[in-house]
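S.K.: Pasting upload13.txt below, which is compact mmCIF, C-alpha atoms.
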# COMPACT_ATOMS: atom_id res chain seq x y z
CA GLN A 190 -20.67 20.58 19.25
CA LEU A 191 -23.38 23.00 18.20
CA GLN A 192 -23.01 26.75 17.83
CA LEU A 193 -26.25 28.42 18.93
CA VAL A 194 -27.38 31.99 18.25
CA GLU A 195 -30.53 33.52 19.74
CA SER A 196 -32.48 36.31 18.08
CA GLY A 197 -35.83 38.03 18.44
CA GLY A 198 -35.43 39.62 21.84
CA GLY A 199 -36.40 43.19 22.54
CA LEU A 200 -38.61 45.57 24.48
CA VAL A 201 -42.35 44.98 24.63
CA GLN A 202 -45.23 46.23 26.73
CA ALA A 203 -47.00 43.96 29.17
CA GLY A 204 -49.53 41.82 27.34
CA GLY A 205 -47.50 41.85 24.17
CA SER A 206 -45.76 39.06 22.28
CA LEU A 207 -42.28 38.15 21.09
CA ARG A 208 -40.86 35.16 19.29
CA LEU A 209 -37.34 34.02 20.05
CA SER A 210 -35.36 31.96 17.59
CA CYS A 211 -32.33 29.80 18.23
CA ALA A 212 -30.35 28.99 15.10
CA ALA A 213 -27.83 26.18 15.20
CA SER A 214 -24.80 25.64 13.06
CA GLY A 215 -22.14 23.00 12.93
CA ARG A 216 -24.24 19.87 12.60
CA THR A 217 -27.77 18.56 12.47
CA ILE A 218 -29.94 19.20 15.52
CA SER A 219 -32.14 16.14 15.05
CA THR A 220 -30.18 14.20 17.68
CA TYR A 221 -30.31 17.03 20.24
CA ALA A 222 -32.85 17.84 22.89
CA MET A 223 -33.10 21.59 23.25
CA GLY A 224 -34.33 24.02 25.82
CA TRP A 225 -34.84 27.64 26.78
CA PHE A 226 -33.56 29.08 30.04
CA ARG A 227 -33.70 32.59 31.42
CA GLN A 228 -31.78 34.61 33.95
CA ALA A 229 -33.13 37.78 35.49
CA LEU A 230 -30.80 40.36 37.00
CA GLY A 231 -29.54 39.13 40.35
CA LYS A 232 -31.22 35.76 40.04
CA GLU A 233 -30.14 32.25 39.11
CA ARG A 234 -30.68 30.82 35.67
CA GLU A 235 -33.96 28.92 35.49
CA PRO A 236 -35.53 26.57 32.97
CA VAL A 237 -38.38 27.92 30.87
CA ALA A 238 -39.24 25.18 28.38
CA GLY A 239 -37.72 22.18 26.69
CA ILE A 240 -38.36 20.05 23.65
CA SER A 241 -37.22 16.57 22.71
CA ARG A 242 -35.17 15.94 19.61
CA THR A 243 -38.23 14.95 17.57
CA GLY A 244 -40.51 17.59 19.09
CA SER A 245 -42.81 14.87 20.41
CA SER A 246 -42.28 15.83 24.03
CA THR A 247 -42.22 19.27 25.63
CA TYR A 248 -42.27 20.74 29.09
CA TYR A 249 -42.88 24.21 30.52
CA VAL A 250 -42.20 25.79 33.85
CA ASP A 251 -45.49 26.53 35.60
CA SER A 252 -45.11 30.30 35.32
CA VAL A 253 -45.21 30.23 31.51
CA LYS A 254 -47.72 27.45 30.86
CA GLY A 255 -50.50 28.61 28.57
CA ARG A 256 -48.51 31.67 27.48
CA PHE A 257 -45.32 30.32 25.89
CA THR A 258 -44.96 27.71 23.16
CA ILE A 259 -41.73 25.93 22.27
CA SER A 260 -41.23 24.41 18.83
CA ARG A 261 -38.48 23.35 16.48
CA ASP A 262 -37.80 22.87 12.79
CA ASN A 263 -35.00 20.34 12.42
CA ALA A 264 -34.72 20.95 8.68
CA LYS A 265 -33.99 24.62 9.38
CA LYS A 266 -31.87 23.76 12.43
CA THR A 267 -33.88 26.25 14.45
CA MET A 268 -35.81 26.22 17.71
CA TYR A 269 -38.43 28.79 18.63
CA LEU A 270 -40.12 30.20 21.71
CA GLN A 271 -43.38 32.02 21.08
CA MET A 272 -44.10 34.22 24.08
CA ASN A 273 -47.59 35.69 24.46
CA SER A 274 -49.25 37.68 27.24
CA LEU A 275 -45.86 38.80 28.46
CA LYS A 276 -45.50 40.07 32.00
CA PRO A 277 -42.85 42.32 33.58
CA GLU A 278 -41.62 39.30 35.55
CA ASP A 279 -40.68 37.64 32.25
CA THR A 280 -37.91 40.22 31.87
CA ALA A 281 -34.60 38.36 31.64
CA VAL A 282 -31.81 37.24 29.35
CA TYR A 283 -33.07 34.18 27.51
CA TYR A 284 -30.63 31.42 26.56
CA CYS A 285 -31.08 28.45 24.29
CA ALA A 286 -29.27 25.22 25.01
CA ALA A 287 -28.81 21.81 23.45
CA VAL A 288 -27.60 18.37 24.41
CA ALA A 289 -27.25 15.20 22.38
CA THR A 290 -29.72 12.53 23.52
CA SER A 291 -30.47 8.97 22.57
CA GLY A 292 -34.15 9.01 23.47
CA SER A 293 -36.72 10.62 21.20
CA THR A 294 -38.81 11.90 24.14
CA VAL A 295 -36.00 13.00 26.48
CA THR A 296 -36.32 16.59 27.65
CA PRO A 297 -33.64 17.51 30.21
CA ARG A 298 -34.72 20.21 32.62
CA ARG A 299 -31.56 21.15 34.47
CA ALA A 300 -29.03 23.62 33.16
CA TYR A 301 -26.11 21.34 33.91
CA ASP A 302 -27.62 18.63 31.68
CA TYR A 303 -27.00 20.83 28.65
CA HIS A 304 -23.65 21.08 26.88
CA ASP A 305 -24.09 23.77 24.23
CA TRP A 306 -25.34 27.29 24.93
CA GLY A 307 -26.12 30.44 23.03
CA GLN A 308 -24.96 33.90 24.03
CA GLY A 309 -28.39 35.04 25.23
CA ALA A 310 -31.06 37.49 24.10
CA GLN A 311 -32.48 40.25 26.27
CA VAL A 312 -36.24 40.35 26.74
CA THR A 313 -37.63 43.37 28.56
CA VAL A 314 -41.32 43.69 29.39
CA SER A 315 -42.48 47.11 30.53
CA SER A 316 -45.51 47.61 32.76
Can you give me the file's structure in the form of structure tokens?
M.R.:
Amino acid sequence: QLQLVESGGGLVQAGGSLRLSCAASGRTISTYAMGWFRQALGKEREPVAGISRTGSSTYYVDSVKGRFTISRDNAKKTMYLQMNSLKPEDTAVYYCAAVATSGSTVTPRRAYDYHDWGQGAQVTVSS
């Protein structure tokens, strides 16, 4: 089991940028696919982006394509989400998640596919 801790959230004006980090402890992350999810107030948790255990495969929800970039550094046991051109509708609590996978290109997209979760980081975008 991985312990995951998000950092880098905060308040930013529309059009600004933030970079979220997800630091893992407990074991290597090289056998885990990882993903970012977000949950706005009063809404269900939704996927944002995911990355395979090697980083060779990624996916993004349509609303963030071209603005967000997911990456990982397995040696540092850390995953990142670079968020540019932020919009007020990006305001949410952002969660990182991980699940052990056997395939190097597997990128699960559903929350219930993931087993390990961080505590969340608040991102607030003001208009």
S.K.: Counting all atoms listed in the file, which residue out of A:Asp302, A:Glu278, A:Asp262, A:Glu195 sits closest to A:Leu230?
M.R.: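 Looking only at the distances to A:Leu230, the closest residue turns out to be A:Glu278.
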S.K.: Record the distance separating atom CA of A:Thr313 and atom CA of A:Gly199, expressed in Å with one decimal.
M.R.: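 Between atom CA of A:Thr313 and atom CA of A:Gly199 the gap is 6.1 Å.
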S.K.: Could you tell me how far atom CA of A:Glu233 lies from atom CA of A:Gly198, in Å and to one decimal?
M.R.: 19.5 Å
S.K.: Which residue, A:Lys232, A:Lys276, A:Arg242, A:His304, has the smallest gap to A:Phe257 when you use all atoms listed in the file?
M.R.: A:Lys276
S.K.: Nearest residue to A:Tyr284 out of A:Gly244, A:Gly224, A:Pro297, A:Gly205, using all atoms listed in the file?
M.R.: A:Gly224
S.K.: Quick one: everything within 8 Å of A:Leu275, counting all atoms listed in the file, minus sequence neighbours fewer than 5 positions away in the same chain. Send it as a ChimeraX atom specification.
M.R.: /A:202-206,256,314
S.K.: Considering only C-alpha atoms, return as a VMD selection string whatever protein or nucleic-acid residues lie within 8 Å of A:Thr258, sequence-local ones (same chain, fewer than 6 positions apart) excluded.
M.R.: chain A and resid 270 to 272
S.K.: Counting all atoms listed in the file, which residue out of A:Ser214, A:Arg227, A:Glu235, A:Gly255 sits closest to A:Arg299?
M.R.: A:Glu235
S.K.: Set the distance at 6 Å and use only C-alpha atoms: which residues neighbour A:Ala287 once local chain neighbours fewer than 5 positions away are removed? I'd like the list as a ChimeraX atom specification.
M.R.: /A:221-223,303,305
S.K.: Tell me which protein, DNA and RNA residues are within 8 Å of A:Met268, counting all atoms listed in the file, leaving out same-chain ones fewer than 5 positions away, and put them as a PyMOL selection string.
M.R.: chain A and resi 210-212+223+259-263
S.K.: Next, the residues of the selection above should be written as a compact mmCIF listing (two decimals), keeping the file's coordinate frame with C-alpha atoms.
M.R.:
# COMPACT_ATOMS: atom_id res chain seq x y z
CA SER A 210 -35.36 31.96 17.59
CA CYS A 211 -32.33 29.80 18.23
CA ALA A 212 -30.35 28.99 15.10
CA MET A 223 -33.10 21.59 23.25
CA ILE A 259 -41.73 25.93 22.27
CA SER A 260 -41.23 24.41 18.83
CA ARG A 261 -38.48 23.35 16.48
CA ASP A 262 -37.80 22.87 12.79
CA ASN A 263 -35.00 20.34 12.42
S.K.: Do you have the atom CA of A:Phe226-atom CA of A:Ala286 distance handy?
M.R.: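 Atom-to-atom, atom CA of A:Phe226 to atom CA of A:Ala286, that is 7.7 Å.
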S.K.: Might you pull out every residue within 9 Å of A:Ser245, with all atoms listed in the file counted and same-chain residues fewer than 4 positions away left off, and present them as number ranges by chain?
M.R.: A: 240-241, 293-294
S.K.: Quick one: of A:Thr296, A:Thr290, A:Thr280, A:Gln228, who's nearest to A:Tyr248, counting all atoms listed in the file?
M.R.: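 Going through A:Thr296, A:Thr290, A:Thr280, A:Gln228 one by one, the smallest distance to A:Tyr248 is for A:Thr296.
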S.K.: Can you put all heavy atoms back into stretch 305-316 of chain A and show it as a PDB file, in the frame of the given file?
M.R.:
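Resulting contents of out_30.pdb:
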ATOM      1  N   ASP A 305     -24.314  22.669  25.158  1.00  0.00           N
ATOM      2  CA  ASP A 305     -24.090  23.770  24.230  1.00  0.00           C
ATOM      3  C   ASP A 305     -25.067  24.890  24.532  1.00  0.00           C
ATOM      4  O   ASP A 305     -26.261  24.652  24.729  1.00  0.00           O
ATOM      5  CB  ASP A 305     -24.275  23.295  22.780  1.00  0.00           C
ATOM      6  CG  ASP A 305     -23.321  22.164  22.431  1.00  0.00           C
ATOM      7  OD1 ASP A 305     -22.122  22.290  22.757  1.00  0.00           O
ATOM      8  OD2 ASP A 305     -23.767  21.166  21.851  1.00  0.00           O
ATOM      9  N   TRP A 306     -24.545  26.126  24.536  1.00  0.00           N
ATOM     10  CA  TRP A 306     -25.340  27.290  24.930  1.00  0.00           C
ATOM     11  C   TRP A 306     -25.155  28.434  23.942  1.00  0.00           C
ATOM     12  O   TRP A 306     -24.065  28.615  23.378  1.00  0.00           O
ATOM     13  CB  TRP A 306     -24.914  27.776  26.316  1.00  0.00           C
ATOM     14  CG  TRP A 306     -25.296  26.838  27.407  1.00  0.00           C
ATOM     15  CD1 TRP A 306     -24.611  25.722  27.821  1.00  0.00           C
ATOM     16  CD2 TRP A 306     -26.470  26.903  28.223  1.00  0.00           C
ATOM     17  NE1 TRP A 306     -25.295  25.103  28.848  1.00  0.00           N
ATOM     18  CE2 TRP A 306     -26.430  25.809  29.114  1.00  0.00           C
ATOM     19  CE3 TRP A 306     -27.558  27.785  28.292  1.00  0.00           C
ATOM     20  CZ2 TRP A 306     -27.438  25.572  30.068  1.00  0.00           C
ATOM     21  CZ3 TRP A 306     -28.545  27.557  29.238  1.00  0.00           C
ATOM     22  CH2 TRP A 306     -28.484  26.465  30.107  1.00  0.00           C
ATOM     23  N   GLY A 307     -26.226  29.208  23.784  1.00  0.00           N
ATOM     24  CA  GLY A 307     -26.120  30.440  23.030  1.00  0.00           C
ATOM     25  C   GLY A 307     -25.643  31.574  23.913  1.00  0.00           C
ATOM     26  O   GLY A 307     -25.417  31.394  25.117  1.00  0.00           O
ATOM     27  N   GLN A 308     -25.510  32.752  23.309  1.00  0.00           N
ATOM     28  CA  GLN A 308     -24.960  33.900  24.030  1.00  0.00           C
ATOM     29  C   GLN A 308     -26.033  34.667  24.803  1.00  0.00           C
ATOM     30  O   GLN A 308     -25.698  35.510  25.640  1.00  0.00           O
ATOM     31  CB  GLN A 308     -24.242  34.842  23.061  1.00  0.00           C
ATOM     32  CG  GLN A 308     -25.142  35.818  22.309  1.00  0.00           C
ATOM     33  CD  GLN A 308     -26.018  35.163  21.266  1.00  0.00           C
ATOM     34  OE1 GLN A 308     -25.850  33.998  20.929  1.00  0.00           O
ATOM     35  NE2 GLN A 308     -26.973  35.924  20.726  1.00  0.00           N
ATOM     36  N   GLY A 309     -27.289  34.400  24.519  1.00  0.00           N
ATOM     37  CA  GLY A 309     -28.390  35.040  25.230  1.00  0.00           C
ATOM     38  C   GLY A 309     -29.022  36.176  24.460  1.00  0.00           C
ATOM     39  O   GLY A 309     -28.363  36.845  23.652  1.00  0.00           O
ATOM     40  N   ALA A 310     -30.310  36.392  24.709  1.00  0.00           N
ATOM     41  CA  ALA A 310     -31.060  37.490  24.100  1.00  0.00           C
ATOM     42  C   ALA A 310     -31.870  38.181  25.189  1.00  0.00           C
ATOM     43  O   ALA A 310     -32.573  37.512  25.958  1.00  0.00           O
ATOM     44  CB  ALA A 310     -31.987  36.976  23.007  1.00  0.00           C
ATOM     45  N   GLN A 311     -31.778  39.502  25.234  1.00  0.00           N
ATOM     46  CA  GLN A 311     -32.480  40.250  26.270  1.00  0.00           C
ATOM     47  C   GLN A 311     -33.952  40.407  25.907  1.00  0.00           C
ATOM     48  O   GLN A 311     -34.280  40.821  24.790  1.00  0.00           O
ATOM     49  CB  GLN A 311     -31.853  41.627  26.453  1.00  0.00           C
ATOM     50  CG  GLN A 311     -32.560  42.513  27.476  1.00  0.00           C
ATOM     51  CD  GLN A 311     -32.396  42.014  28.889  1.00  0.00           C
ATOM     52  OE1 GLN A 311     -31.289  41.685  29.328  1.00  0.00           O
ATOM     53  NE2 GLN A 311     -33.496  41.957  29.642  1.00  0.00           N
ATOM     54  N   VAL A 312     -34.810  40.096  26.858  1.00  0.00           N
ATOM     55  CA  VAL A 312     -36.240  40.350  26.740  1.00  0.00           C
ATOM     56  C   VAL A 312     -36.642  41.267  27.878  1.00  0.00           C
ATOM     57  O   VAL A 312     -36.417  40.938  29.048  1.00  0.00           O
ATOM     58  CB  VAL A 312     -37.054  39.040  26.782  1.00  0.00           C
ATOM     59  CG1 VAL A 312     -38.547  39.345  26.870  1.00  0.00           C
ATOM     60  CG2 VAL A 312     -36.749  38.187  25.562  1.00  0.00           C
ATOM     61  N   THR A 313     -37.200  42.397  27.549  1.00  0.00           N
ATOM     62  CA  THR A 313     -37.630  43.370  28.560  1.00  0.00           C
ATOM     63  C   THR A 313     -39.107  43.659  28.366  1.00  0.00           C
ATOM     64  O   THR A 313     -39.531  44.042  27.273  1.00  0.00           O
ATOM     65  CB  THR A 313     -36.832  44.676  28.467  1.00  0.00           C
ATOM     66  OG1 THR A 313     -35.425  44.378  28.589  1.00  0.00           O
ATOM     67  CG2 THR A 313     -37.237  45.641  29.565  1.00  0.00           C
ATOM     68  N   VAL A 314     -39.882  43.458  29.428  1.00  0.00           N
ATOM     69  CA  VAL A 314     -41.320  43.690  29.390  1.00  0.00           C
ATOM     70  C   VAL A 314     -41.638  44.864  30.304  1.00  0.00           C
ATOM     71  O   VAL A 314     -41.408  44.794  31.511  1.00  0.00           O
ATOM     72  CB  VAL A 314     -42.105  42.447  29.807  1.00  0.00           C
ATOM     73  CG1 VAL A 314     -43.605  42.686  29.643  1.00  0.00           C
ATOM     74  CG2 VAL A 314     -41.666  41.234  28.995  1.00  0.00           C
ATOM     75  N   SER A 315     -42.155  45.915  29.742  1.00  0.00           N
ATOM     76  CA  SER A 315     -42.480  47.110  30.530  1.00  0.00           C
ATOM     77  C   SER A 315     -43.931  47.058  31.012  1.00  0.00           C
ATOM     78  O   SER A 315     -44.799  46.510  30.334  1.00  0.00           O
ATOM     79  CB  SER A 315     -42.248  48.368  29.704  1.00  0.00           C
ATOM     80  OG  SER A 315     -43.127  48.378  28.594  1.00  0.00           O
ATOM     81  N   SER A 316     -44.148  47.640  32.180  1.00  0.00           N
ATOM     82  CA  SER A 316     -45.510  47.610  32.760  1.00  0.00           C
ATOM     83  C   SER A 316     -46.331  48.800  32.309  1.00  0.00           C
ATOM     84  O   SER A 316     -45.838  49.727  31.697  1.00  0.00           O
ATOM     85  CB  SER A 316     -45.412  47.584  34.281  1.00  0.00           C
ATOM     86  OG  SER A 316     -44.681  48.702  34.731  1.00  0.00           O
TER      87      SER A 316
END
